[in-house]
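Input: a single structure, listed below in C-alpha cells.
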Number of protein chains: 2
Amino acid sequence: MEKVRLGIIGFGVQGGNYADFIANGKVKGMEIGAICDIEEEKQEAAKQQYPNVPFFNNYTDMLESGNVDAIVTCVPHYLHPEMGIGSIKRDIHALIEKPAGVYTKQVKELNDFAATKPDVLFGIMFNQRTNKLYQKVKEIVDSGDIGNIRRTNWIITSWWRPQGYYEQSAWRATWEGEGGGVLVNQAPHQIDLLQWICGMPKKVYSNVKYGYQRNIPVEDEVTVLLDYGNGATGVFITCTHDVIGTDRFEILGDNGKIVVEDSKKVTIKRLHKPEAEMSATMSMQEVNEIVTGKGTEGIYNEEVLEFESAWGEQHINVLQNFANSLIHGEAILAPGSDGINGVSLANAIHLSSWLGKEVELPIDEEVYYQELMKKVEEERNTAVK
Amino acid sequence: MEKVRLGIIGFGVQGGNYADFIANGKVKGMEIGAICDIEEEKQEAAKQQYPNVPFFNNYTDMLESGNVDAIVTCVPHYLHPEMGIGSIKRDIHALIEKPAGVYTKQVKELNDFAATKPDVLFGIMFNQRTNKLYQKVKEIVDSGDIGNIRRTNWIITSWWRPQGYYEQSAWRATWEGEGGGVLVNQAPHQIDLLQWICGMPKKVYSNVKYGYQRNIPVEDEVTVLLDYGNGATGVFITCTHDVIGTDRFEILGDNGKIVVEDSKKVTIKRLHKPEAEMSATMSMQEVNEIVTGKGTEGIYNEEVLEFESAWGEQHINVLQNFANSLIHGEAILAPGSDGINGVSLANAIHLSSWLGKEVELPIDEEVYYQELMKKVEEERNTAVK
C-alpha cells in the first residue's frame, strides 16, 4: 500500500479533528477516503469542507464502496465493536476509538473476530501511549530498574467537566448512550496507561459515586483499591468535579520509586541497594538515626525529567503509526486487542460498586452485562436527564 | 497547684526522653515526681541518672506514694487504659501515651471512668496536634474556607522501619505485645490528625498486608478507603517498607484544595467562586476552552506556607500544655477522651481486612476483641517471631 484512504465514521468533534489533521498533510501516507455520519447536518458540513470526499450516511455502504482501505470509529462507545467487526470482516483495516466498547462481552467478540483475520490491521486510539513521558515510565518499569512493583497510586482528577458539558448532547453521561461516566469517557486513557505500565490487577474494590456533584445518572467520582495478587496494591482515583485537578502517579518498587506529576514531570529515585537488603543489613545505630528523624540521605540517585506535550499531536502520532504500519510494516503502538484490558478494569470497578464487594478479574461478563442493562432500563423509566 | 510532680511510668526510650526534658527545665512548672519500671536494669539506670528521684517497680505503689500529682504512661499500648483508670481513680492526673489503647472496648472503659471524675485532668500525647502546620490546616478547614470536604487523601509511607527495628524487643510488632503493626505504633499520629481535621468516616474498607515485606505477624502495609457517609470519600495509605517515604495529604473541598507535602509545606488554593457555581454557570465557550486543554487559570488564589519542626519540641509542648492546664487552667490540646477516635478507626481498618468487607463505624467492639484474641492465640501457637 502506498497511500491509506481512511474512512472517518462519525463527523463530530473528534472525527472533524482527524479530517482536519489529514487534510492538512499532518499524517504522511494518509488521505481521507470517505466520511460517514447519520446526521444530515453533518453531511452538509462535510460537503462544504471536503467537497471532493465521498460521503455516506451508512457505514456498511462506505465499507463496501471501494473508497476506503481503513476506518476510524468516532462514534458512541457502544458501536465500536460492531463497526470494528463490520470493517475487519470486509478486509478493511480498523482503528477504533477508546474505549474499545462499553462491556467486555462485546469487546471480546471484536477481539475474537479480529484474531481470525491476522492480515487485517486492528488498532485502538490510545493516544496517550505515544506520550514520550509514559513511554519512558514504561521503559523504566520494564527494565527492572525499580524492581518488582509494590504499590501504584494514581490520583487523576484533572478531568473537570461542568454541568454544561453534560448538557451538550442527550446521550452524554447516560447508561444508554455511553455506558458510564468518567470511567468510560475521560479516564480510559489513564486506566490503559496504568495497566500498560503496571499490569492488570487481580482484584478490585471500588467506591463509586453516581451523580455526586453533577446532575447525571452515571459516575462522576471513582475511588478504587487494586490488588495485584502478589502482595502489591494500588489506588486509582478520578472524578470530573475537581476544577483544581490533581494528576499524580506514584509507583513504588523493590528498588526505587517513580513519581509523575501533571503528566509533565517524572522523578525517578533509584536505590543504591534493594530495600529488602537495606532492611536486612542495617545496623542498630543506623536504624536509630532513621527512627529519630535523621532520615535516609544518600541512599538513592534522583533523576528528574521534564516533558512537554502539544494538544492533538498524540492523535496525529497514532494515525501516523497506523499508516506506517500499513505502508512500511511498522509495529503498531496500541494493538486493538489491548483495548479489552481497560474495559475489563472499568467494568470491574462498576461491578464492585454495584455489588458492594471486592470482585476478581476477569469478572463474569454476563453478570456485568445484565447489571448494565438494568441501569439502562432504570434510566429509561426515570427522567434523570 | 504551683508545680506538677510527674510520675513517669516506663523508663524506656520515650520515658527517658521525658525525664530528660523535665530535668533540663524544658517544661516550666513540671518536675519529675517519681519513676516507675518493672525491669531491674531500668531501676539502676534511673538511680544513676536521677539519684534524688523516688523509684518504684509497681505503678500503684507510685500512685499511692504521695510523690506524684500526675503520670505519663510510657508502657505497652495495652496497659494505657488500665493505668489511666488506676491513676484517675486516685485523683492523680493522667497523660496517656498514644494510642489510648489497643481496642475500643478498653478505651471506652477508660473514657467512661474518666468522665465520672471531671476534676482530674485526662490528656493524651497527640504531639502532632501541637504541630503549627496541622493546627493551621485544621483552622482553614474549620473556617469553612475550602467549604465542605469532598475527598481526603493521605499517603504517609515515611514510617520506614527495617527488620532490625522489629528485632529490638520480643513484644514489638506482635498481636500480644502491641496489638498490631504500623496502625498501632507508627500511624496513630496521622490517623488522629486525619479525624481531628476532617472528621470520622462512617464506613471503611481496607486492604491490609500482614508481614508483607517484614518478618512480623502484624501489618506493615495498609490501604484504606474511607466513606464519610455524605458523599465524601477518602484514602489513607501507610507502610513501614518504603525507605523513600511519601508524605502527601490532600483535602478537596467545595471551594478549594489543601495539599500538605512532607509535613512541611502547605499549599492552599481557594476558589474565587464555589465549584458548584462554576459548574452551573460556565458558558459553552469557556467549557470548550477547558476541555481542549486551555485550563482553568485565574480561578483561585494560591497561598503557600512553609513550616519547620524540631524533633522533641512537640512532646515538650504537650507536657507544657498539660502543666499549664493544671497550674493556669489552660485549655487542653488533646483531651484524653479524644484517643478513642483513632483506636476506633484503626480497629475498623483491621476488622475490615479480617472480614474481607466494608465495615461501619463504630464497629462492634466485642467482635473486634474476639478477633484480636484469635490473632493473639494463633501467634502463641506459631513461632513467627
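Just remember, in the C-alpha cells the first chain shown is A, the second B, etc., residues are 1-based per chain, and ligands are 1-based in the order shown.
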Residues near Val184 in chain B, anyone? I mean within 12 Å using only C-alpha atoms, not counting same-chain ones fewer than 5 positions away, as number ranges by chain.
B: 76-78, 97-103, 172-175, 177-179, 189-192, 218-220, 222, 238-239, 342-347, 349-350
Can you work out which residues from chain A touch chain B at a cut-off of 7 Å (counting only C-alpha atoms) and hand them back as a PyMOL selection string?
chain A and resi 162-165+212+231+243+275+279-280+282+284+287+357
Could you save those same residues with all heavy atoms as an mmCIF file, in the first residue's frame?
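Output (part.cif):
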```
data_model
loop_
_atom_site.group_PDB
_atom_site.id
_atom_site.type_symbol
_atom_site.label_atom_id
_atom_site.label_comp_id
_atom_site.auth_asym_id
_atom_site.auth_seq_id
_atom_site.Cartn_x
_atom_site.Cartn_y
_atom_site.Cartn_z
ATOM 1 N N PRO A 162 -17.889 20.725 33.643
ATOM 2 C CA PRO A 162 -19.037 21.397 34.276
ATOM 3 C C PRO A 162 -20.358 20.819 33.782
ATOM 4 O O PRO A 162 -20.390 20.060 32.809
ATOM 5 C CB PRO A 162 -18.877 22.850 33.825
ATOM 6 C CG PRO A 162 -18.139 22.772 32.536
ATOM 7 C CD PRO A 162 -17.272 21.542 32.599
ATOM 8 N N GLN A 163 -21.442 21.190 34.445
ATOM 9 C CA GLN A 163 -22.756 20.651 34.078
ATOM 10 C C GLN A 163 -23.063 20.907 32.603
ATOM 11 O O GLN A 163 -23.640 20.058 31.925
ATOM 12 C CB GLN A 163 -23.844 21.262 34.985
ATOM 13 C CG GLN A 163 -25.224 20.632 34.820
ATOM 14 C CD GLN A 163 -25.260 19.153 35.208
ATOM 15 O OE1 GLN A 163 -24.590 18.739 36.139
ATOM 16 N NE2 GLN A 163 -26.029 18.358 34.474
ATOM 17 N N GLY A 164 -22.648 22.077 32.120
ATOM 18 C CA GLY A 164 -22.914 22.434 30.718
ATOM 19 C C GLY A 164 -22.337 21.432 29.735
ATOM 20 O O GLY A 164 -22.917 21.189 28.676
ATOM 21 N N TYR A 165 -21.202 20.858 30.076
ATOM 22 C CA TYR A 165 -20.598 19.835 29.212
ATOM 23 C C TYR A 165 -21.564 18.664 29.043
ATOM 24 O O TYR A 165 -21.753 18.141 27.948
ATOM 25 C CB TYR A 165 -19.291 19.355 29.837
ATOM 26 C CG TYR A 165 -18.743 18.072 29.249
ATOM 27 C CD1 TYR A 165 -17.979 18.080 28.082
ATOM 28 C CD2 TYR A 165 -19.003 16.846 29.861
ATOM 29 C CE1 TYR A 165 -17.488 16.899 27.551
ATOM 30 C CE2 TYR A 165 -18.511 15.666 29.331
ATOM 31 C CZ TYR A 165 -17.751 15.699 28.182
ATOM 32 O OH TYR A 165 -17.278 14.529 27.656
ATOM 33 N N TYR A 212 -22.802 12.492 41.891
ATOM 34 C CA TYR A 212 -22.423 13.088 43.188
ATOM 35 C C TYR A 212 -22.419 14.621 43.132
ATOM 36 O O TYR A 212 -23.090 15.275 43.921
ATOM 37 C CB TYR A 212 -21.051 12.539 43.600
ATOM 38 C CG TYR A 212 -20.388 13.202 44.786
ATOM 39 C CD1 TYR A 212 -21.119 13.549 45.920
ATOM 40 C CD2 TYR A 212 -19.014 13.439 44.787
ATOM 41 C CE1 TYR A 212 -20.489 14.140 47.011
ATOM 42 C CE2 TYR A 212 -18.386 14.019 45.873
ATOM 43 C CZ TYR A 212 -19.130 14.374 46.979
ATOM 44 O OH TYR A 212 -18.503 14.954 48.040
ATOM 45 N N GLY A 231 0.765 -9.432 46.484
ATOM 46 C CA GLY A 231 1.138 -8.571 47.610
ATOM 47 C C GLY A 231 1.061 -7.108 47.245
ATOM 48 O O GLY A 231 0.803 -6.256 48.083
ATOM 49 N N VAL A 243 -12.109 21.133 39.977
ATOM 50 C CA VAL A 243 -11.667 22.136 38.998
ATOM 51 C C VAL A 243 -10.191 22.515 39.176
ATOM 52 O O VAL A 243 -9.568 23.062 38.278
ATOM 53 C CB VAL A 243 -12.607 23.379 39.046
ATOM 54 C CG1 VAL A 243 -12.406 24.163 40.335
ATOM 55 C CG2 VAL A 243 -12.418 24.266 37.827
ATOM 56 N N GLU A 275 15.684 -2.363 48.689
ATOM 57 C CA GLU A 275 15.119 -2.046 50.006
ATOM 58 C C GLU A 275 15.207 -3.246 50.932
ATOM 59 O O GLU A 275 15.513 -3.106 52.119
ATOM 60 C CB GLU A 275 13.664 -1.571 49.840
ATOM 61 C CG GLU A 275 13.053 -0.930 51.076
ATOM 62 C CD GLU A 275 12.529 -1.912 52.093
ATOM 63 O OE1 GLU A 275 12.174 -3.049 51.699
ATOM 64 O OE2 GLU A 275 12.488 -1.580 53.292
ATOM 65 N N SER A 279 16.893 -3.299 54.584
ATOM 66 C CA SER A 279 16.147 -3.705 55.772
ATOM 67 C C SER A 279 16.875 -4.804 56.524
ATOM 68 O O SER A 279 16.961 -4.792 57.754
ATOM 69 C CB SER A 279 14.754 -4.191 55.360
ATOM 70 O OG SER A 279 14.101 -4.801 56.440
ATOM 71 N N ALA A 280 17.448 -5.742 55.773
ATOM 72 C CA ALA A 280 18.071 -6.919 56.399
ATOM 73 C C ALA A 280 19.430 -6.626 57.021
ATOM 74 O O ALA A 280 19.828 -7.281 57.982
ATOM 75 C CB ALA A 280 18.196 -8.036 55.368
ATOM 76 N N MET A 282 20.839 -3.361 57.904
ATOM 77 C CA MET A 282 21.100 -2.096 58.573
ATOM 78 C C MET A 282 21.439 -2.293 60.053
ATOM 79 O O MET A 282 20.777 -3.058 60.757
ATOM 80 C CB MET A 282 19.876 -1.198 58.419
ATOM 81 C CG MET A 282 20.156 0.218 58.795
ATOM 82 S SD MET A 282 18.990 1.358 58.000
ATOM 83 C CE MET A 282 19.766 1.552 56.404
ATOM 84 N N MET A 284 21.931 -1.356 64.093
ATOM 85 C CA MET A 284 21.039 -0.722 65.069
ATOM 86 C C MET A 284 21.253 0.781 65.143
ATOM 87 O O MET A 284 20.316 1.541 65.315
ATOM 88 C CB MET A 284 21.268 -1.322 66.452
ATOM 89 C CG MET A 284 20.569 -2.634 66.636
ATOM 90 S SD MET A 284 18.775 -2.502 66.342
ATOM 91 C CE MET A 284 18.341 -4.211 66.410
ATOM 92 N N VAL A 287 19.647 2.322 62.268
ATOM 93 C CA VAL A 287 18.206 2.259 62.480
ATOM 94 C C VAL A 287 17.761 3.391 63.394
ATOM 95 O O VAL A 287 16.815 4.114 63.102
ATOM 96 C CB VAL A 287 17.802 0.897 63.101
ATOM 97 C CG1 VAL A 287 16.336 0.912 63.525
ATOM 98 C CG2 VAL A 287 18.061 -0.232 62.125
ATOM 99 N N LYS A 357 -18.914 -5.160 46.906
ATOM 100 C CA LYS A 357 -17.856 -6.043 47.399
ATOM 101 C C LYS A 357 -16.682 -6.091 46.421
ATOM 102 O O LYS A 357 -16.794 -5.633 45.282
ATOM 103 C CB LYS A 357 -18.410 -7.441 47.634
ATOM 104 C CG LYS A 357 -18.941 -8.111 46.379
ATOM 105 C CD LYS A 357 -19.400 -9.542 46.678
ATOM 106 C CE LYS A 357 -19.687 -10.294 45.392
ATOM 107 N NZ LYS A 357 -20.192 -11.649 45.615
#
```
Need the shell around Ile8 in chain A: protein/DNA/RNA residues with any atom at most 6 Å away, counting only C-alpha atoms. Skip same-chain ones fewer than 3 positions apart. Format as an MDAnalysis selection string?
chainID A and resid 35 71:72
Which of these, A:Glu365, A:Cys36, A:Glu308, A:Gly66, has the shortest distance to Gln106 in chain A once you count only C-alpha atoms?
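Using only C-alpha atoms, Gln106 in chain A sits closest to A:Glu365.
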Output as a tab-separated table one row per residue of range 47-137 of chain A within 12 Å of range 21-29 of chain A: the closest atom pair and its distance in Å to one decimal place, counting only C-alpha atoms, sorted by chain and residue number ascending.
```
residue	atom	partner	partner_atom	distance
A:Gln49	CA	A:Ala23	CA	10.0
A:Tyr50	CA	A:Ala23	CA	8.7
A:Pro51	CA	A:Ala23	CA	11.9
A:Asn52	CA	A:Ala23	CA	11.4
A:Val53	CA	A:Ala23	CA	10.5
```
From a DSSP pass on the backbone, collect the residues of range 145-382 of chain A flagged as strand (DSSP E) and hand them back as a ChimeraX atom specification.
/A:149-156,203-210,219-227,233-239,247-253,256-261,265-271,300-306,359-360
Can you check which residues of range 33-176 of chain A DSSP gives as helix (DSSP H, G or I) on the backbone and send them as a ChimeraX atom specification?
/A:40-49,59-63,77-89,104-115,127-130,132-143,163-167
Between CA of Gly229 in chain B and CA of Met125 in chain B, distance in Å (one decimal)
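These atoms are spaced 29.2 Å apart.
One finds CA of His315 in chain A at 8.3 Å from CA of Phe126 in chain A.
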Taken to one decimal, the CA of Asp364 in chain B-CA of Ala94 in chain B distance is 27.4 Å
I'd like the neighbourhood of Gly33 in chain A as a CSV table (one decimal) with N, CA and C atoms, in the first residue's frame, where a residue qualifies if any of its atoms comes within 7 Å (using only C-alpha atoms), though same-chain residues fewer than 3 positions away should be ignored.
```
chain,number,residue,atom,x,y,z
A,5,ARG,N,-6.3,5.2,2.4
A,5,ARG,CA,-7.5,6.0,2.3
A,5,ARG,C,-8.4,5.7,3.5
A,6,LEU,N,-8.4,6.7,4.4
A,6,LEU,CA,-9.2,6.5,5.7
A,6,LEU,C,-10.6,6.9,5.6
A,7,GLY,N,-11.5,6.0,6.1
A,7,GLY,CA,-12.9,6.3,6.2
A,7,GLY,C,-13.2,6.8,7.6
A,53,VAL,N,-14.6,14.7,-1.2
A,53,VAL,CA,-14.6,13.5,-0.4
A,53,VAL,C,-16.0,12.8,-0.4
A,67,ASN,N,-13.9,2.9,-1.6
A,67,ASN,CA,-13.3,4.2,-1.4
A,67,ASN,C,-12.3,4.2,-0.2
A,68,VAL,N,-12.4,3.2,0.7
A,68,VAL,CA,-11.6,3.2,1.9
A,68,VAL,C,-10.8,1.9,2.1
```
Please provide as a VMD selection string all residues within 12 Å of Ser325 in chain B, with the sequence filter that same-chain residues fewer than 3 positions apart are discarded (counting only C-alpha atoms).
chain B and resid 1 to 4 28 to 30 70 93 95 119 to 123 317 to 322 328 to 335
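Among the candidate residues A:Asn341, A:Thr152, A:Ser143, A:Asn111, the one lying nearest to Trp196 in chain A is A:Asn341, with distances computed using only C-alpha atoms.
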